[in-house]
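Shown here: target.txt, compact mmCIF, C-alpha atoms.
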```
# COMPACT_ATOMS: atom_id res chain seq x y z
CA MET A 483 0.00 0.00 0.00
CA ASN A 484 1.27 3.46 -0.89
CA GLU A 485 2.14 5.62 2.14
CA ASN A 486 2.89 8.65 -0.04
CA ASN A 487 0.81 11.58 1.27
CA SER A 488 1.32 13.81 -1.77
CA THR A 489 -1.38 14.90 -4.20
CA ALA A 490 -1.70 13.71 -7.79
CA VAL A 491 -3.14 16.16 -10.31
CA LEU A 492 -4.66 15.01 -13.60
CA LEU A 493 -5.20 17.55 -16.38
CA LEU A 494 -7.18 16.12 -19.27
CA SER A 495 -8.97 17.32 -22.39
CA CYS A 496 -10.86 15.26 -24.96
CA PRO A 497 -13.97 15.22 -27.14
CA ASP A 498 -17.03 15.39 -24.90
CA ARG A 499 -19.07 12.25 -24.25
CA ILE A 500 -21.38 10.82 -21.59
CA GLY A 501 -19.80 9.36 -18.47
CA LEU A 502 -16.34 10.94 -18.56
CA ILE A 503 -16.39 12.21 -14.98
CA SER A 504 -17.78 8.90 -13.73
CA ARG A 505 -15.09 6.87 -15.50
CA ILE A 506 -12.25 9.08 -14.30
CA SER A 507 -13.57 9.20 -10.74
CA HIS A 508 -13.93 5.42 -10.72
CA PHE A 509 -10.31 5.05 -11.85
CA VAL A 510 -9.25 6.94 -8.72
CA PHE A 511 -11.79 5.25 -6.42
CA GLU A 512 -11.05 1.67 -7.35
CA ARG A 513 -7.35 2.19 -6.58
CA GLY A 514 -7.96 3.69 -3.15
CA GLY A 515 -7.58 7.36 -3.99
CA ASN A 516 -9.47 10.14 -2.21
CA ILE A 517 -10.48 12.95 -4.59
CA LEU A 518 -9.69 16.34 -3.05
CA ASP A 519 -10.76 18.57 -5.92
CA LEU A 520 -12.56 18.07 -9.24
CA ASP A 521 -13.30 20.87 -11.68
CA GLU A 522 -14.63 20.36 -15.19
CA HIS A 523 -15.65 22.50 -18.15
CA VAL A 524 -17.31 21.80 -21.49
CA ASP A 525 -16.68 24.15 -24.42
CA GLY A 526 -18.84 23.16 -27.36
CA ASP A 527 -18.09 19.51 -27.97
CA TYR A 528 -14.83 19.45 -25.99
CA PHE A 529 -14.37 18.41 -22.36
CA PHE A 530 -11.76 19.67 -19.87
CA VAL A 531 -11.11 18.45 -16.34
CA ARG A 532 -8.69 18.83 -13.45
CA VAL A 533 -8.77 16.13 -10.80
CA ALA A 534 -6.61 16.14 -7.66
CA TRP A 535 -6.47 13.19 -5.29
CA ASN A 536 -4.51 12.16 -2.22
CA MET A 537 -1.90 9.51 -2.92
CA LYS A 538 -2.01 8.06 0.60
CA ASN A 539 -3.20 4.45 0.37
CA PHE A 540 -3.33 4.66 -3.42
CA SER A 541 -2.58 1.17 -4.72
CA ILE A 542 -0.30 2.26 -7.61
CA PRO A 543 3.11 3.94 -7.17
CA GLU A 544 3.61 7.30 -8.82
CA LEU A 545 5.86 5.93 -11.55
CA GLU A 546 3.20 3.44 -12.65
CA ILE A 547 0.11 5.68 -12.68
CA ALA A 548 0.62 6.99 -16.23
CA GLU A 549 0.85 3.46 -17.61
CA ALA A 550 -2.28 2.44 -15.70
CA PHE A 551 -4.25 5.43 -16.94
CA GLN A 552 -3.10 5.15 -20.55
CA PRO A 553 -5.84 2.71 -21.73
CA LEU A 554 -8.59 5.01 -20.44
CA ALA A 555 -6.97 8.08 -22.01
CA LYS A 556 -6.61 6.25 -25.31
CA GLU A 557 -10.28 5.28 -25.24
CA PHE A 558 -11.18 8.95 -24.68
CA ASN A 559 -8.75 10.16 -27.37
CA ALA A 560 -7.46 12.50 -24.70
CA LYS A 561 -4.56 14.85 -24.18
CA TRP A 562 -3.50 14.46 -20.59
CA LYS A 563 -0.78 14.72 -17.98
CA ILE A 564 -0.43 13.67 -14.35
CA ASN A 565 1.73 15.70 -11.96
CA PHE A 566 2.50 15.42 -8.25
CA THR A 567 2.43 18.39 -5.90
CA GLU A 568 5.40 17.35 -3.79
CA LYS A 569 7.61 17.74 -6.86
CA ASN A 570 8.34 21.43 -7.23
CA LEU A 571 8.43 22.82 -10.75
CA ARG A 572 11.96 23.84 -11.72
CA LEU A 573 11.60 27.30 -13.19
CA ALA A 574 14.26 29.50 -14.77
CA VAL A 575 13.80 33.26 -14.87
CA PHE A 576 15.01 35.37 -17.79
CA VAL A 577 15.53 39.10 -17.13
CA SER A 578 17.16 42.16 -18.66
CA LYS A 579 17.39 45.43 -16.68
CA TYR A 580 13.90 45.91 -15.21
CA ASP A 581 13.77 44.39 -11.73
CA HIS A 582 10.14 44.73 -10.60
CA CYS A 583 8.89 41.36 -11.89
CA LEU A 584 11.98 39.51 -10.66
CA GLN A 585 11.59 41.14 -7.24
CA GLU A 586 8.01 39.92 -7.04
CA ILE A 587 8.87 36.37 -8.09
CA LEU A 588 11.76 36.03 -5.64
CA TRP A 589 9.78 37.54 -2.76
CA ARG A 590 6.77 35.28 -3.32
CA GLN A 591 9.05 32.28 -3.73
CA ARG A 592 10.70 33.04 -0.39
CA MET A 593 7.25 33.38 1.21
CA GLY A 594 6.38 29.90 -0.06
CA GLU A 595 3.53 31.00 -2.35
CA PHE A 596 4.80 29.13 -5.40
CA ASN A 597 5.28 25.41 -5.81
CA ILE A 598 8.58 26.03 -7.63
CA GLU A 599 12.35 25.96 -7.39
CA ILE A 600 14.48 28.58 -9.15
CA PRO A 601 17.80 26.91 -9.99
CA LEU A 602 19.09 29.83 -12.08
CA ILE A 603 18.47 33.27 -13.53
CA ILE A 604 19.58 34.12 -17.06
CA SER A 605 20.09 37.63 -18.38
CA ASN A 606 21.62 39.57 -21.24
CA HIS A 607 22.91 42.18 -18.76
CA GLU A 608 24.84 42.20 -15.48
CA ASP A 609 22.49 44.70 -13.80
CA LEU A 610 20.35 42.35 -11.69
CA LYS A 611 23.11 40.06 -10.46
CA PRO A 612 23.19 41.74 -7.00
CA LEU A 613 19.48 40.93 -6.57
CA ALA A 614 20.05 37.29 -7.52
CA ASP A 615 22.98 37.16 -5.09
CA GLN A 616 20.72 38.35 -2.26
CA TYR A 617 18.61 35.23 -2.78
CA GLY A 618 21.55 32.91 -3.42
CA ILE A 619 20.47 32.04 -6.96
CA PRO A 620 23.11 31.50 -9.68
CA TYR A 621 23.02 34.29 -12.28
CA PHE A 622 24.27 33.74 -15.82
CA VAL A 623 24.87 36.44 -18.41
CA PHE A 624 24.57 35.74 -22.14
CA GLN A 625 25.04 38.93 -24.10
CA ILE A 626 22.94 38.75 -27.25
CA THR A 627 23.68 40.32 -30.63
CA GLU A 628 22.32 39.58 -34.08
CA GLU A 629 25.59 37.83 -34.88
CA ASN A 630 25.81 35.55 -31.82
CA LYS A 631 22.10 34.96 -31.00
CA PHE A 632 21.98 31.39 -32.33
CA GLU A 633 25.12 30.25 -30.51
CA GLN A 634 24.17 31.99 -27.28
CA GLU A 635 20.73 30.41 -27.27
CA LYS A 636 22.29 26.99 -27.81
CA LYS A 637 24.38 27.59 -24.68
CA GLU A 638 21.31 28.77 -22.76
CA ILE A 639 19.32 25.69 -23.73
CA ALA A 640 22.20 23.43 -22.74
CA LEU A 641 22.37 25.17 -19.35
CA LEU A 642 18.61 24.77 -18.87
CA LYS A 643 18.78 21.06 -19.73
CA GLU A 644 21.75 20.58 -17.42
CA ASN A 645 19.71 22.10 -14.58
CA LYS A 646 16.59 20.08 -15.47
CA VAL A 647 14.48 23.19 -15.95
CA ASP A 648 10.79 22.49 -16.58
CA SER A 649 9.53 25.98 -17.39
CA ILE A 650 10.76 29.50 -18.12
CA VAL A 651 9.46 32.91 -17.08
CA LEU A 652 10.36 35.97 -19.11
CA ALA A 653 10.30 38.57 -16.34
CA ARG A 654 10.61 41.58 -18.64
CA TYR A 655 13.34 39.92 -20.73
CA MET A 656 13.82 42.38 -23.56
CA GLN A 657 14.93 39.89 -26.20
CA LEU A 658 12.92 37.91 -28.73
CA LEU A 659 13.44 34.17 -28.42
CA SER A 660 14.14 32.31 -31.65
CA LEU A 661 11.66 29.80 -33.00
CA ASN A 662 14.11 27.00 -32.21
CA PHE A 663 14.20 28.09 -28.58
CA VAL A 664 10.42 28.34 -28.33
CA ASP A 665 10.02 24.87 -29.83
CA GLU A 666 12.15 23.41 -27.03
CA TYR A 667 9.58 24.46 -24.41
CA PRO A 668 6.04 24.34 -25.87
CA ASN A 669 3.53 25.96 -23.50
CA GLN A 670 6.26 26.18 -20.88
CA ILE A 671 7.49 29.75 -21.46
CA ILE A 672 5.48 32.46 -19.69
CA ASN A 673 5.73 36.09 -20.79
CA ILE A 674 4.41 39.37 -19.39
CA HIS A 675 3.77 42.62 -21.21
CA HIS A 676 1.64 45.72 -21.05
CA SER A 677 -1.76 45.39 -22.68
CA PHE A 678 -1.26 48.22 -25.17
CA LEU A 679 -0.12 45.80 -27.84
CA PRO A 680 -0.69 46.21 -30.70
CA ALA A 681 -2.06 49.74 -30.22
CA PHE A 682 1.17 51.28 -28.93
CA VAL A 683 4.08 49.26 -30.28
CA GLY A 684 7.74 50.13 -30.09
CA SER A 685 9.46 52.13 -27.38
CA HIS A 686 7.79 54.32 -24.72
CA PRO A 687 4.28 52.77 -24.85
CA TYR A 688 3.21 54.58 -21.67
CA ARG A 689 4.12 57.94 -23.13
CA GLN A 690 2.14 57.06 -26.24
CA ALA A 691 -0.80 56.08 -24.04
CA TYR A 692 -0.50 59.29 -22.04
CA GLU A 693 -0.48 61.39 -25.20
CA ARG A 694 -3.63 59.60 -26.39
CA GLY A 695 -5.39 60.15 -23.07
CA VAL A 696 -6.19 56.50 -22.36
CA LYS A 697 -8.60 55.73 -19.52
CA ILE A 698 -7.38 52.23 -18.66
CA ILE A 699 -4.05 50.45 -18.75
CA GLY A 700 -3.41 46.76 -18.26
CA ALA A 701 -1.07 43.80 -18.32
CA THR A 702 -1.23 40.39 -20.00
CA SER A 703 0.61 37.17 -19.24
CA HIS A 704 0.64 34.46 -21.90
CA TYR A 705 2.50 31.43 -23.13
CA VAL A 706 5.14 32.13 -25.77
CA THR A 707 4.51 30.61 -29.18
CA ARG A 708 5.99 31.02 -32.64
CA ALA A 709 3.63 33.96 -33.26
CA LEU A 710 4.98 37.05 -31.49
CA ASP A 711 2.86 38.06 -28.45
CA ASP A 712 0.01 35.90 -29.74
CA GLY A 713 0.23 32.89 -27.43
CA PRO A 714 -2.60 31.53 -25.25
CA ILE A 715 -3.47 34.08 -22.56
CA ILE A 716 -3.09 32.98 -18.95
CA GLU A 717 -4.06 36.08 -16.99
CA GLN A 718 -4.96 39.74 -17.55
CA ASP A 719 -6.09 42.74 -15.55
CA ILE A 720 -6.62 46.47 -15.92
CA ILE A 721 -6.58 49.63 -13.81
CA ARG A 722 -8.24 52.94 -14.54
CA VAL A 723 -6.23 56.12 -15.14
CA SER A 724 -7.31 59.70 -15.62
CA HIS A 725 -6.20 63.03 -17.01
CA LYS A 726 -4.58 63.72 -13.62
CA ASP A 727 -2.07 60.89 -14.08
CA THR A 728 1.37 61.72 -15.41
CA VAL A 729 3.49 59.46 -17.59
CA ASN A 730 5.32 58.36 -14.43
CA ASP A 731 1.98 57.51 -12.81
CA LEU A 732 1.09 55.31 -15.79
CA VAL A 733 4.48 53.59 -15.63
CA ARG A 734 4.11 52.98 -11.88
CA LYS A 735 0.58 51.59 -12.18
CA GLY A 736 1.56 49.46 -15.17
CA ARG A 737 4.56 48.10 -13.32
CA ASP A 738 2.37 47.10 -10.36
CA LEU A 739 -0.03 45.29 -12.69
CA GLU A 740 2.78 43.45 -14.46
CA ARG A 741 4.10 42.15 -11.13
CA LEU A 742 0.70 40.94 -10.00
CA ILE A 743 -0.43 39.38 -13.28
CA LEU A 744 2.84 37.53 -13.80
CA ALA A 745 2.67 36.21 -10.24
CA ARG A 746 -0.86 34.89 -10.85
CA ALA A 747 0.21 33.23 -14.08
CA ILE A 748 3.15 31.50 -12.39
CA TYR A 749 0.87 30.28 -9.59
CA PHE A 750 -1.67 28.78 -12.01
CA HIS A 751 1.11 27.17 -14.04
CA ALA A 752 2.98 25.74 -11.05
CA GLN A 753 -0.25 24.40 -9.52
CA HIS A 754 -1.08 22.60 -12.78
CA ARG A 755 -4.29 24.56 -13.28
CA ILE A 756 -3.94 25.39 -16.97
CA LEU A 757 -5.07 23.47 -20.02
CA VAL A 758 -4.14 24.87 -23.44
CA HIS A 759 -6.70 24.33 -26.17
CA GLY A 760 -5.68 25.83 -29.49
CA LYS A 761 -5.16 29.56 -28.97
CA LYS A 762 -7.06 29.57 -25.67
CA THR A 763 -6.52 28.41 -22.12
CA VAL A 764 -8.85 26.84 -19.59
CA ILE A 765 -7.85 27.97 -16.10
CA PHE A 766 -9.10 25.91 -13.16
CA GLU A 767 -8.97 28.51 -10.39
```
Translate this structure into structure tokens?
Amino acid sequence: MNENNSTAVLLLSCPDRIGLISRISHFVFERGGNILDLDEHVDGDYFFVRVAWNMKNFSIPELEIAEAFQPLAKEFNAKWKINFTEKNLRLAVFVSKYDHCLQEILWRQRMGEFNIEIPLIISNHEDLKPLADQYGIPYFVFQITEENKFEQEKKEIALLKENKVDSIVLARYMQLLSLNFVDEYPNQIINIHHSFLPAFVGSHPYRQAYERGVKIIGATSHYVTRALDDGPIIEQDIIRVSHKDTVNDLVRKGRDLERLILARAIYFHAQHRILVHGKKTVIFE
């Protein structure tokens, strides 16, 4: 009998049909599992579910659960994955010179809010190394130019593989990742940006917004795909602004939103609460 007291989390999507919840629940029940949380959603003719159950007294060891579940998943024609909460996600953070998102991630990690480990931070600048040093996290600098981008990314990927990194967060990393890099981590690279795109592209978006007299500003976190800033959205929010706000006020409010929205996205990702379906996400909050 399994004495493991961790929690298993199943994320599954498949064409909708009668009896899916019953069949999945029975799989857990007949092996001694106690379901702690079950959340499902149907979008048109497609079914999505997140099931979490306690592994204590579960009759199958963790390493054998996927094999045991495979016949059921095949019958459902499902996309699925099982994770375990006692295994922290290994997450690398990419940064440039802006520190607000990195500060938020490191602070929340120290407070124990995320189910993650941060084995390393990668940057194209030296600027934030003192912050990484404060938290005792190795900091690696890969200066990027048009001429060396391919070789530098190869070195970055090798470093990520060496450190068994599961996912990547672009915490205001001001470099475009190549398609080859993105393909190495499908739906595992989280980005954050202001929500002006594509209205105010290029440099100084907040000044452009100020000059246009916008009434709201926002932030969006999404998965990185081959299409620039067009990946499945994980989290968004907005805040109102007025004619009384200066450019600096807009920057400050936007910065606060970016910190918060990225933190939410990391939490959902690390807690295995996100299912990607085409260009959309289903978030089990």
Pick the closest to A:Gly501 from A:Phe529, A:Glu717, A:Ala681, A:Asn487: which is it, counting all atoms listed in the file? A:Phe529
Determine, counting all atoms listed in the file, which protein, DNA and RNA residues have an atom within 8 Å of an atom of A:Arg532; residues of the same chain fewer than 4 positions away are not included. Present the result as a VMD selection string. chain A and resid 491 to 494 519 to 522 755 766
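Taking atom CA of A:Ala560 and atom CA of A:Asp712 as the two end points, the separation is 25.1 Å.
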For stretch 743-749 of chain A, please output as a PyMOL selection string all residues within 7 Å (counting all atoms listed in the file; exclusion window: fewer than 4 positions along the same chain). chain A and resi 587+596+674+701-703+716-719+739+753
Interatomic distance between atom CA of A:Lys561 and atom CA of A:Cys496? 6.4 Å
Which one of A:Ile619, A:Ala490, A:Ala534, A:Leu658 sits closest to A:Lys569 if you count only C-alpha atoms? A:Ala490
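Closest approach to A:Lys538 from the set A:Leu652, A:Gln591, A:Val510, A:Phe551 is made by A:Val510, with distances taken over all atoms listed in the file.
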Got a sec to check which residues sit within 12 Å of (-0.1, 1.5, -6.1), counting all atoms listed in the file, and write them as a VMD selection string? chain A and resid 483 to 486 510 512 to 515 537 to 550
Export of the given selection (C-alpha atoms) as a JSON list (two decimals), in the frame of the given file:
```json
[["chain", "number", "residue", "atom", "x", "y", "z"],
["A", 483, "MET", "CA", 0.00, 0.00, 0.00],
["A", 484, "ASN", "CA", 1.27, 3.46, -0.89],
["A", 485, "GLU", "CA", 2.14, 5.62, 2.14],
["A", 486, "ASN", "CA", 2.89, 8.65, -0.04],
["A", 510, "VAL", "CA", -9.25, 6.94, -8.72],
["A", 512, "GLU", "CA", -11.05, 1.67, -7.35],
["A", 513, "ARG", "CA", -7.35, 2.19, -6.58],
["A", 514, "GLY", "CA", -7.96, 3.69, -3.15],
["A", 515, "GLY", "CA", -7.58, 7.36, -3.99],
["A", 537, "MET", "CA", -1.90, 9.51, -2.92],
["A", 538, "LYS", "CA", -2.01, 8.06, 0.60],
["A", 539, "ASN", "CA", -3.20, 4.45, 0.37],
["A", 540, "PHE", "CA", -3.33, 4.66, -3.42],
["A", 541, "SER", "CA", -2.58, 1.17, -4.72],
["A", 542, "ILE", "CA", -0.30, 2.26, -7.61],
["A", 543, "PRO", "CA", 3.11, 3.94, -7.17],
["A", 544, "GLU", "CA", 3.61, 7.30, -8.82],
["A", 545, "LEU", "CA", 5.86, 5.93, -11.55],
["A", 546, "GLU", "CA", 3.20, 3.44, -12.65],
["A", 547, "ILE", "CA", 0.11, 5.68, -12.68],
["A", 548, "ALA", "CA", 0.62, 6.99, -16.23],
["A", 549, "GLU", "CA", 0.85, 3.46, -17.61],
["A", 550, "ALA", "CA", -2.28, 2.44, -15.70]]
```
Could you check the closest approach to A:Glu557 for each of A:Gly760, A:Gly713, A:Pro497, A:Gly700 and tell me which residue wins, using all atoms listed in the file?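 Distance minimum relative to A:Glu557 lands on A:Pro497.
You can rank A:Ile626, A:Leu573, A:Glu666, A:Arg694 by their closest distance to A:Ala640 using all atoms listed in the file, and at the top of that list sits A:Glu666.
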May I have the residues within 10 Å of A:Thr728 as a short mmCIF file (atom, residue, chain, number, x, y, z; two decimals) with C-alpha atoms, keeping the file's coordinate frame, using only C-alpha atoms and disregarding those fewer than 4 positions away in the same chain?
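Saved result, part.cif, follows:
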```
data_model
loop_
_atom_site.label_atom_id
_atom_site.label_comp_id
_atom_site.auth_asym_id
_atom_site.auth_seq_id
_atom_site.Cartn_x
_atom_site.Cartn_y
_atom_site.Cartn_z
CA TYR A 688 3.21 54.58 -21.67
CA ARG A 689 4.12 57.94 -23.13
CA TYR A 692 -0.50 59.29 -22.04
CA GLU A 693 -0.48 61.39 -25.20
CA VAL A 723 -6.23 56.12 -15.14
CA SER A 724 -7.31 59.70 -15.62
CA LEU A 732 1.09 55.31 -15.79
CA VAL A 733 4.48 53.59 -15.63
CA ARG A 734 4.11 52.98 -11.88
#
```
Please list as JSON, numbers by chain every residue within 9 Å of A:Leu588, counting only C-alpha atoms and excluding residues in the same chain fewer than 6 positions away. {"A": [600, 614, 617]}
Between atom CA of A:Lys579 and atom CA of A:Gln625, measure the distance and give it in Å to one decimal.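 So the two atoms, atom CA of A:Lys579 and atom CA of A:Gln625, lie 12.5 Å apart.
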Which residues are near A:Gln616? Cut-off 12 Å, only C-alpha atoms, ignore same chain within fewer than 6 positions. Put them as a list of chain:residue names.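 That gives A:Gln585, A:Leu588, A:Trp589, A:Arg592, A:Leu610.
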Within-9 Å shell of (-4.7, 53.3, -6.4) in input frame, all atoms listed in the file, as a PDB file with C-alpha atoms, keeping the file's coordinate frame:
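This is the output file selection24.pdb:
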```
ATOM      1  CA  ILE A 721      -6.580  49.630 -13.810  1.00  0.00           C
ATOM      2  CA  ARG A 722      -8.240  52.940 -14.540  1.00  0.00           C
ATOM      3  CA  LYS A 735       0.580  51.590 -12.180  1.00  0.00           C
TER       4      LYS A 735
END
```
Can you report as AutoDock Vina command-line options the centre and edge lengths in Å, to one decimal, of an axis-aligned box around the listed atoms of stretch 665-682 of chain A padded with 8 Å on each side?
```
--center_x 5.0 --center_y 37.3 --center_z -25.0 --size_x 30.2 --size_y 43.9 --size_z 27.3
```
